[in-house]
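Asks: Below is one structure. I have some questions about it.
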Amino acid sequence: MTDIHEDVMNYAKVGCWDKVTREIEEFDLRRGSTYAPKPVCVFGIFGYLILNDLENATLFWKRLPLEYKSDENINQVRGVVAALTENDVAKAHQLLAAEWNPEVTVAVTSLQSSLRTRTMKLLPSAYSVIRAAKAESLLGVTKEELTLLASQASWEYDTETDAYKFKQIEEVNAIEGANGVEAVEAVAKHALFLEQFANPR
């Protein structure tokens, strides 16, 4: 493999995904029409997803030549991109739980953790009550793992309905400092996101 492959792998192993994507971007600028090796491109797509940059993950895949898009590993991570584009977090977790090339295990594990952390923060805003089974699918965890995560997050569990209750959290960060039209736009965007999150297409 090339030096960029070694550099990208080293950055990935220590969780420096911003450096992974930057290294690949700089490689592309230096080499022009020459693409990074296929394994590196797989890490590039994963890197953007882990950094919550779905747009660049999609654009990166679109720029790849056809022979790259037929690569099994690239095609596999493309499925995750497609699921997240459809706001289907549960499907993304199902795809990540499948069998992957051992070389990309560190990327798969990192994305699972990243998605889980973001979803944990969003659930109390998207739902007032959520069934345990639904939470398990959105977080990609087992019932036992959910019990632990919910306990750590101080979620209220209702044994009769097998569901978790949340106190609705007002997303003030998005509108803090905004007023008038800006505030209305911020609230509208947040409401649209929550609707998409709770009801994936």
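Residues in the structure tokens are numbered from 1 in each chain, the chains being A, B, ... in the order shown, and ligands are numbered from 1 in the order shown.
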I need the residues of segment 47-148 of chain A that end up classed as helix (DSSP H, G or I) by DSSP on the backbone, written out as JSON, numbers by chain.

Replies: {"A": [47, 48, 49, 50, 54, 55, 56, 57, 58, 59, 60, 61, 62, 63, 66, 67, 68, 69, 72, 73, 74, 75, 76, 77, 78, 79, 80, 81, 82, 83, 84, 85, 89, 90, 91, 92, 93, 94, 95, 96, 102, 103, 104, 105, 106, 107, 108, 109, 110, 111, 112, 113, 114, 115, 116, 117, 118, 119, 120, 121, 122, 123, 124, 125, 126, 132, 133, 134, 135, 136, 137, 138, 139, 143, 144, 145, 146, 147, 148]}

Asks: Which of these residues is nearest to Val14 of chain A, using only C-alpha atoms: A:Phe46, A:Val106, A:Asn87, A:Asn101?

Replies: A:Val106

Asks: Which residues, written as a VMD selection string, have at least one atom at most 12 Å from Cys16 of chain A, with only C-alpha atoms counted and residues fewer than 2 positions away on the same chain left out?

Replies: chain A and resid 7 to 14 18 to 23 43 to 44 46 to 48 50 to 51 106 to 107 110

Asks: Kindly export the residues of the current selection with N, CA, C and O atoms, as an mmCIF file, in the first residue's frame.

Replies:
data_model
loop_
_atom_site.group_PDB
_atom_site.id
_atom_site.type_symbol
_atom_site.label_atom_id
_atom_site.label_comp_id
_atom_site.auth_asym_id
_atom_site.auth_seq_id
_atom_site.Cartn_x
_atom_site.Cartn_y
_atom_site.Cartn_z
ATOM 1 N N ASP A 7 -0.747 6.220 6.915
ATOM 2 C CA ASP A 7 -1.094 7.406 7.701
ATOM 3 C C ASP A 7 -2.553 7.388 8.121
ATOM 4 O O ASP A 7 -2.896 7.664 9.285
ATOM 5 N N VAL A 8 -3.428 7.059 7.177
ATOM 6 C CA VAL A 8 -4.866 7.019 7.465
ATOM 7 C C VAL A 8 -5.175 5.960 8.521
ATOM 8 O O VAL A 8 -5.960 6.197 9.447
ATOM 9 N N MET A 9 -4.562 4.800 8.412
ATOM 10 C CA MET A 9 -4.784 3.739 9.384
ATOM 11 C C MET A 9 -4.324 4.168 10.780
ATOM 12 O O MET A 9 -5.013 3.912 11.775
ATOM 13 N N ASN A 10 -3.187 4.825 10.846
ATOM 14 C CA ASN A 10 -2.666 5.271 12.143
ATOM 15 C C ASN A 10 -3.584 6.314 12.777
ATOM 16 O O ASN A 10 -3.835 6.278 13.988
ATOM 17 N N TYR A 11 -4.090 7.238 11.976
ATOM 18 C CA TYR A 11 -5.013 8.249 12.499
ATOM 19 C C TYR A 11 -6.316 7.600 12.963
ATOM 20 O O TYR A 11 -6.878 7.966 13.997
ATOM 21 N N ALA A 12 -6.786 6.631 12.182
ATOM 22 C CA ALA A 12 -8.046 5.962 12.521
ATOM 23 C C ALA A 12 -7.935 5.194 13.833
ATOM 24 O O ALA A 12 -8.861 5.200 14.650
ATOM 25 N N LYS A 13 -6.806 4.547 14.032
ATOM 26 C CA LYS A 13 -6.621 3.743 15.235
ATOM 27 C C LYS A 13 -6.693 4.566 16.507
ATOM 28 O O LYS A 13 -7.069 4.049 17.567
ATOM 29 N N VAL A 14 -6.330 5.852 16.432
ATOM 30 C CA VAL A 14 -6.364 6.714 17.621
ATOM 31 C C VAL A 14 -7.573 7.651 17.600
ATOM 32 O O VAL A 14 -7.673 8.570 18.417
ATOM 33 N N ASP A 18 -10.846 13.567 11.930
ATOM 34 C CA ASP A 18 -10.681 14.819 11.193
ATOM 35 C C ASP A 18 -9.381 14.789 10.397
ATOM 36 O O ASP A 18 -9.309 15.287 9.265
ATOM 37 N N LYS A 19 -8.358 14.162 10.967
ATOM 38 C CA LYS A 19 -7.077 14.043 10.269
ATOM 39 C C LYS A 19 -7.175 13.016 9.141
ATOM 40 O O LYS A 19 -6.495 13.155 8.120
ATOM 41 N N VAL A 20 -8.003 12.001 9.319
ATOM 42 C CA VAL A 20 -8.219 11.016 8.257
ATOM 43 C C VAL A 20 -8.777 11.704 7.018
ATOM 44 O O VAL A 20 -8.255 11.553 5.906
ATOM 45 N N THR A 21 -9.842 12.464 7.201
ATOM 46 C CA THR A 21 -10.470 13.125 6.053
ATOM 47 C C THR A 21 -9.561 14.202 5.464
ATOM 48 O O THR A 21 -9.496 14.365 4.248
ATOM 49 N N ARG A 22 -8.861 14.929 6.325
ATOM 50 C CA ARG A 22 -7.967 15.983 5.824
ATOM 51 C C ARG A 22 -6.810 15.385 5.025
ATOM 52 O O ARG A 22 -6.420 15.926 3.981
ATOM 53 N N GLU A 23 -6.266 14.268 5.487
ATOM 54 C CA GLU A 23 -5.169 13.601 4.782
ATOM 55 C C GLU A 23 -5.610 13.178 3.378
ATOM 56 O O GLU A 23 -4.860 13.347 2.403
ATOM 57 N N PHE A 43 -12.172 4.408 4.315
ATOM 58 C CA PHE A 43 -11.969 5.144 5.559
ATOM 59 C C PHE A 43 -12.377 6.606 5.403
ATOM 60 O O PHE A 43 -12.807 7.235 6.369
ATOM 61 N N GLY A 44 -12.239 7.133 4.193
ATOM 62 C CA GLY A 44 -12.663 8.511 3.961
ATOM 63 C C GLY A 44 -14.158 8.684 4.157
ATOM 64 O O GLY A 44 -14.610 9.617 4.827
ATOM 65 N N PHE A 46 -16.167 6.659 5.849
ATOM 66 C CA PHE A 46 -16.440 6.444 7.270
ATOM 67 C C PHE A 46 -16.080 7.690 8.076
ATOM 68 O O PHE A 46 -16.800 8.077 8.998
ATOM 69 N N GLY A 47 -14.946 8.293 7.747
ATOM 70 C CA GLY A 47 -14.499 9.467 8.491
ATOM 71 C C GLY A 47 -15.521 10.585 8.478
ATOM 72 O O GLY A 47 -15.834 11.173 9.519
ATOM 73 N N TYR A 48 -16.056 10.871 7.303
ATOM 74 C CA TYR A 48 -17.075 11.924 7.201
ATOM 75 C C TYR A 48 -18.321 11.569 8.007
ATOM 76 O O TYR A 48 -18.910 12.426 8.679
ATOM 77 N N ILE A 50 -18.514 9.617 10.644
ATOM 78 C CA ILE A 50 -18.198 9.699 12.072
ATOM 79 C C ILE A 50 -18.183 11.157 12.530
ATOM 80 O O ILE A 50 -18.596 11.469 13.659
ATOM 81 N N LEU A 51 -17.761 12.046 11.642
ATOM 82 C CA LEU A 51 -17.730 13.476 11.957
ATOM 83 C C LEU A 51 -19.089 14.141 11.736
ATOM 84 O O LEU A 51 -19.216 15.357 11.814
ATOM 85 N N VAL A 106 -12.235 -0.936 13.006
ATOM 86 C CA VAL A 106 -12.078 0.258 13.834
ATOM 87 C C VAL A 106 -13.004 1.372 13.354
ATOM 88 O O VAL A 106 -13.554 2.133 14.169
ATOM 89 N N ALA A 107 -13.218 1.461 12.058
ATOM 90 C CA ALA A 107 -14.113 2.487 11.509
ATOM 91 C C ALA A 107 -15.571 2.153 11.820
ATOM 92 O O ALA A 107 -16.358 3.034 12.192
ATOM 93 N N SER A 110 -16.243 2.797 15.501
ATOM 94 C CA SER A 110 -16.271 4.234 15.782
ATOM 95 C C SER A 110 -17.571 4.869 15.309
ATOM 96 O O SER A 110 -18.137 5.727 15.993
#

Asks: One number please: atom CA of Ala163 of chain A to atom CA of Ile130 of chain A, in Å, one decimal.

Replies: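 Separating atom CA of Ala163 of chain A from atom CA of Ile130 of chain A is a distance of 5.4 Å.
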
Asks: If you count only C-alpha atoms, which residues fall within 12 Å of Asp28 of chain A, apart from same-chain ones fewer than 5 positions away, as a list in words?

Replies: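 In the requested format, the answer is Ile4, Thr21, Arg22, Glu23, Ser33, Thr34, Tyr35, Ala36, Pro37, Val40, Cys41, Gly44, Phe60, Arg63 and Leu64 of chain A.
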
Asks: Let me see the file: selected residues, all heavy atoms, as a tab-separated table (two decimals), in the first residue's frame.

Replies:
chain	number	residue	atom	x	y	z
A	4	ILE	N	-0.06	6.98	2.25
A	4	ILE	CA	-1.33	7.55	2.74
A	4	ILE	C	-2.16	6.46	3.43
A	4	ILE	O	-2.86	6.75	4.41
A	4	ILE	CB	-2.15	8.20	1.59
A	4	ILE	CG1	-3.39	8.91	2.18
A	4	ILE	CG2	-2.54	7.18	0.54
A	4	ILE	CD1	-4.20	9.66	1.17
A	21	THR	N	-9.84	12.46	7.20
A	21	THR	CA	-10.47	13.13	6.05
A	21	THR	C	-9.56	14.20	5.46
A	21	THR	O	-9.50	14.37	4.25
A	21	THR	CB	-11.82	13.74	6.45
A	21	THR	OG1	-11.64	14.63	7.58
A	21	THR	CG2	-12.82	12.66	6.84
A	22	ARG	N	-8.86	14.93	6.32
A	22	ARG	CA	-7.97	15.98	5.82
A	22	ARG	C	-6.81	15.39	5.03
A	22	ARG	O	-6.42	15.93	3.98
A	22	ARG	CB	-7.43	16.82	6.98
A	22	ARG	CG	-6.57	18.01	6.51
A	22	ARG	CD	-6.37	19.03	7.60
A	22	ARG	NE	-5.67	18.50	8.74
A	22	ARG	CZ	-6.20	18.34	9.94
A	22	ARG	NH1	-7.47	18.67	10.15
A	22	ARG	NH2	-5.49	17.86	10.94
A	23	GLU	N	-6.27	14.27	5.49
A	23	GLU	CA	-5.17	13.60	4.78
A	23	GLU	C	-5.61	13.18	3.38
A	23	GLU	O	-4.86	13.35	2.40
A	23	GLU	CB	-4.73	12.37	5.57
A	23	GLU	CG	-3.50	11.68	5.03
A	23	GLU	CD	-2.21	12.40	5.35
A	23	GLU	OE1	-2.21	13.28	6.25
A	23	GLU	OE2	-1.19	12.09	4.69
A	33	SER	N	-6.06	13.84	-10.72
A	33	SER	CA	-6.99	12.82	-11.20
A	33	SER	C	-6.68	11.43	-10.64
A	33	SER	O	-7.40	10.48	-10.90
A	33	SER	CB	-6.96	12.76	-12.73
A	33	SER	OG	-5.65	12.46	-13.19
A	34	THR	N	-5.59	11.31	-9.88
A	34	THR	CA	-5.23	10.02	-9.29
A	34	THR	C	-5.96	9.84	-7.96
A	34	THR	O	-5.87	10.68	-7.08
A	34	THR	CB	-3.71	9.93	-9.03
A	34	THR	OG1	-3.02	10.11	-10.27
A	34	THR	CG2	-3.35	8.58	-8.44
A	35	TYR	N	-6.69	8.76	-7.84
A	35	TYR	CA	-7.47	8.53	-6.64
A	35	TYR	C	-6.67	7.77	-5.58
A	35	TYR	O	-5.76	7.01	-5.92
A	35	TYR	CB	-8.75	7.73	-6.96
A	35	TYR	CG	-9.74	8.52	-7.76
A	35	TYR	CD1	-9.73	8.47	-9.16
A	35	TYR	CD2	-10.69	9.32	-7.14
A	35	TYR	CE1	-10.65	9.20	-9.91
A	35	TYR	CE2	-11.61	10.06	-7.88
A	35	TYR	CZ	-11.58	9.99	-9.26
A	35	TYR	OH	-12.48	10.72	-10.00
A	36	ALA	N	-7.02	8.00	-4.35
A	36	ALA	CA	-6.39	7.25	-3.26
A	36	ALA	C	-6.78	5.78	-3.39
A	36	ALA	O	-7.79	5.45	-4.02
A	36	ALA	CB	-6.86	7.81	-1.91
A	37	PRO	N	-6.01	4.87	-2.82
A	37	PRO	CA	-6.34	3.44	-2.89
A	37	PRO	C	-7.74	3.18	-2.33
A	37	PRO	O	-8.23	3.92	-1.47
A	37	PRO	CB	-5.27	2.78	-2.02
A	37	PRO	CG	-4.13	3.73	-2.06
A	37	PRO	CD	-4.73	5.09	-2.11
A	40	VAL	N	-8.37	3.21	1.42
A	40	VAL	CA	-8.30	4.57	1.97
A	40	VAL	C	-9.63	5.29	1.75
A	40	VAL	O	-10.12	6.01	2.63
A	40	VAL	CB	-7.14	5.36	1.32
A	40	VAL	CG1	-7.20	6.83	1.73
A	40	VAL	CG2	-5.80	4.76	1.72
A	41	CYS	N	-10.22	5.08	0.58
A	41	CYS	CA	-11.50	5.72	0.29
A	41	CYS	C	-12.60	5.23	1.22
A	41	CYS	O	-13.49	6.00	1.61
A	41	CYS	CB	-11.89	5.47	-1.17
A	41	CYS	SG	-10.82	6.31	-2.36
A	44	GLY	N	-12.24	7.13	4.19
A	44	GLY	CA	-12.66	8.51	3.96
A	44	GLY	C	-14.16	8.68	4.16
A	44	GLY	O	-14.61	9.62	4.83
A	60	PHE	N	-18.15	12.57	-1.58
A	60	PHE	CA	-16.92	11.79	-1.73
A	60	PHE	C	-17.20	10.53	-2.53
A	60	PHE	O	-16.46	10.17	-3.46
A	60	PHE	CB	-16.35	11.45	-0.36
A	60	PHE	CG	-15.01	10.76	-0.40
A	60	PHE	CD1	-13.84	11.48	-0.43
A	60	PHE	CD2	-14.93	9.37	-0.42
A	60	PHE	CE1	-12.59	10.85	-0.48
A	60	PHE	CE2	-13.70	8.72	-0.46
A	60	PHE	CZ	-12.54	9.47	-0.50
A	63	ARG	N	-17.84	11.16	-6.28
A	63	ARG	CA	-16.66	11.51	-7.07
A	63	ARG	C	-15.83	10.29	-7.46
A	63	ARG	O	-14.98	10.38	-8.35
A	63	ARG	CB	-15.75	12.47	-6.28
A	63	ARG	CG	-16.31	13.85	-6.08
A	63	ARG	CD	-15.20	14.83	-5.71
A	63	ARG	NE	-14.43	14.41	-4.57
A	63	ARG	CZ	-14.69	14.74	-3.31
A	63	ARG	NH1	-15.75	15.49	-3.05
A	63	ARG	NH2	-13.92	14.32	-2.32
A	64	LEU	N	-16.05	9.16	-6.83
A	64	LEU	CA	-15.25	7.98	-7.09
A	64	LEU	C	-15.54	7.42	-8.49
A	64	LEU	O	-16.69	7.47	-8.96
A	64	LEU	CB	-15.53	6.90	-6.05
A	64	LEU	CG	-15.13	7.23	-4.61
A	64	LEU	CD1	-15.55	6.09	-3.70
A	64	LEU	CD2	-13.63	7.47	-4.51

Asks: Can you list, as number ranges by chain, every protein, DNA or RNA residue that comes within 12 Å of Glu136 of chain A when you count only C-alpha atoms, leaving out same-chain residues fewer than 2 positions away?

Replies: A: 89-91, 93-94, 116, 119-120, 123, 130-134, 138-150, 162-164

Asks: Write down as a short mmCIF file (atom, residue, chain, number, x, y, z; two decimals) with all heavy atoms, in the first residue's frame the residues belonging to segment 22-184 of chain A that are assigned strand (DSSP E or B) by DSSP computed on the backbone.

Replies:
data_model
loop_
_atom_site.label_atom_id
_atom_site.label_comp_id
_atom_site.auth_asym_id
_atom_site.auth_seq_id
_atom_site.Cartn_x
_atom_site.Cartn_y
_atom_site.Cartn_z
N VAL A 129 -42.27 9.67 24.89
CA VAL A 129 -42.25 8.28 25.34
C VAL A 129 -41.78 7.43 24.17
O VAL A 129 -42.18 7.65 23.03
CB VAL A 129 -43.66 7.79 25.78
CG1 VAL A 129 -43.60 6.33 26.18
CG2 VAL A 129 -44.19 8.63 26.91
N ILE A 130 -40.94 6.44 24.45
CA ILE A 130 -40.48 5.56 23.37
C ILE A 130 -40.43 4.12 23.89
O ILE A 130 -39.98 3.87 25.01
CB ILE A 130 -39.08 5.98 22.86
CG1 ILE A 130 -38.67 5.12 21.66
CG2 ILE A 130 -38.03 5.91 23.95
CD1 ILE A 130 -37.41 5.61 20.96
N ARG A 131 -40.95 3.22 23.10
CA ARG A 131 -40.92 1.80 23.44
C ARG A 131 -39.46 1.33 23.51
O ARG A 131 -38.62 1.77 22.73
CB ARG A 131 -41.67 0.98 22.40
CG ARG A 131 -43.15 1.28 22.33
CD ARG A 131 -43.92 0.55 23.39
NE ARG A 131 -45.37 0.71 23.22
CZ ARG A 131 -46.26 0.17 24.02
NH1 ARG A 131 -45.85 -0.58 25.04
NH2 ARG A 131 -47.54 0.37 23.83
N GLU A 156 -36.52 7.50 32.56
CA GLU A 156 -37.54 6.88 33.40
C GLU A 156 -38.17 5.69 32.69
O GLU A 156 -38.72 5.84 31.59
CB GLU A 156 -38.62 7.90 33.76
CG GLU A 156 -39.71 7.34 34.67
CD GLU A 156 -40.81 8.35 34.93
OE1 GLU A 156 -40.61 9.55 34.62
OE2 GLU A 156 -41.86 7.93 35.45
N TYR A 157 -38.09 4.52 33.30
CA TYR A 157 -38.62 3.31 32.66
C TYR A 157 -39.98 2.94 33.25
O TYR A 157 -40.15 2.91 34.46
CB TYR A 157 -37.65 2.15 32.85
CG TYR A 157 -38.12 0.85 32.26
CD1 TYR A 157 -38.29 0.72 30.88
CD2 TYR A 157 -38.42 -0.25 33.07
CE1 TYR A 157 -38.72 -0.48 30.33
CE2 TYR A 157 -38.85 -1.45 32.53
CZ TYR A 157 -39.00 -1.55 31.15
OH TYR A 157 -39.43 -2.74 30.60
N ASP A 158 -40.94 2.66 32.36
CA ASP A 158 -42.27 2.23 32.76
C ASP A 158 -42.40 0.73 32.50
O ASP A 158 -42.44 0.30 31.35
CB ASP A 158 -43.33 2.99 31.94
CG ASP A 158 -44.74 2.71 32.42
OD1 ASP A 158 -44.95 1.68 33.10
OD2 ASP A 158 -45.65 3.50 32.11
N ALA A 163 -41.56 0.92 28.23
CA ALA A 163 -41.20 2.13 27.50
C ALA A 163 -40.44 3.09 28.41
O ALA A 163 -40.48 2.98 29.64
CB ALA A 163 -42.44 2.80 26.95
N TYR A 164 -39.76 4.02 27.77
CA TYR A 164 -39.02 5.04 28.50
C TYR A 164 -39.70 6.40 28.31
O TYR A 164 -40.15 6.72 27.21
CB TYR A 164 -37.57 5.11 28.03
CG TYR A 164 -36.76 3.91 28.41
CD1 TYR A 164 -36.65 2.81 27.55
CD2 TYR A 164 -36.12 3.84 29.64
CE1 TYR A 164 -35.92 1.69 27.91
CE2 TYR A 164 -35.39 2.71 30.01
CZ TYR A 164 -35.30 1.65 29.14
OH TYR A 164 -34.58 0.54 29.50
N LYS A 165 -39.76 7.15 29.38
CA LYS A 165 -40.38 8.47 29.35
C LYS A 165 -39.29 9.54 29.45
O LYS A 165 -38.33 9.40 30.19
CB LYS A 165 -41.38 8.63 30.50
CG LYS A 165 -42.54 7.65 30.46
CD LYS A 165 -43.47 7.87 31.65
CE LYS A 165 -44.63 6.90 31.64
NZ LYS A 165 -45.53 7.09 32.82
#

Asks: From the list A:Trp17, A:Phe166, A:Trp100, A:Phe27, which residue is nearest Ile45 of chain A when using only C-alpha atoms?

Replies: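 Among the listed residues, A:Trp17 lies closest to Ile45 of chain A.
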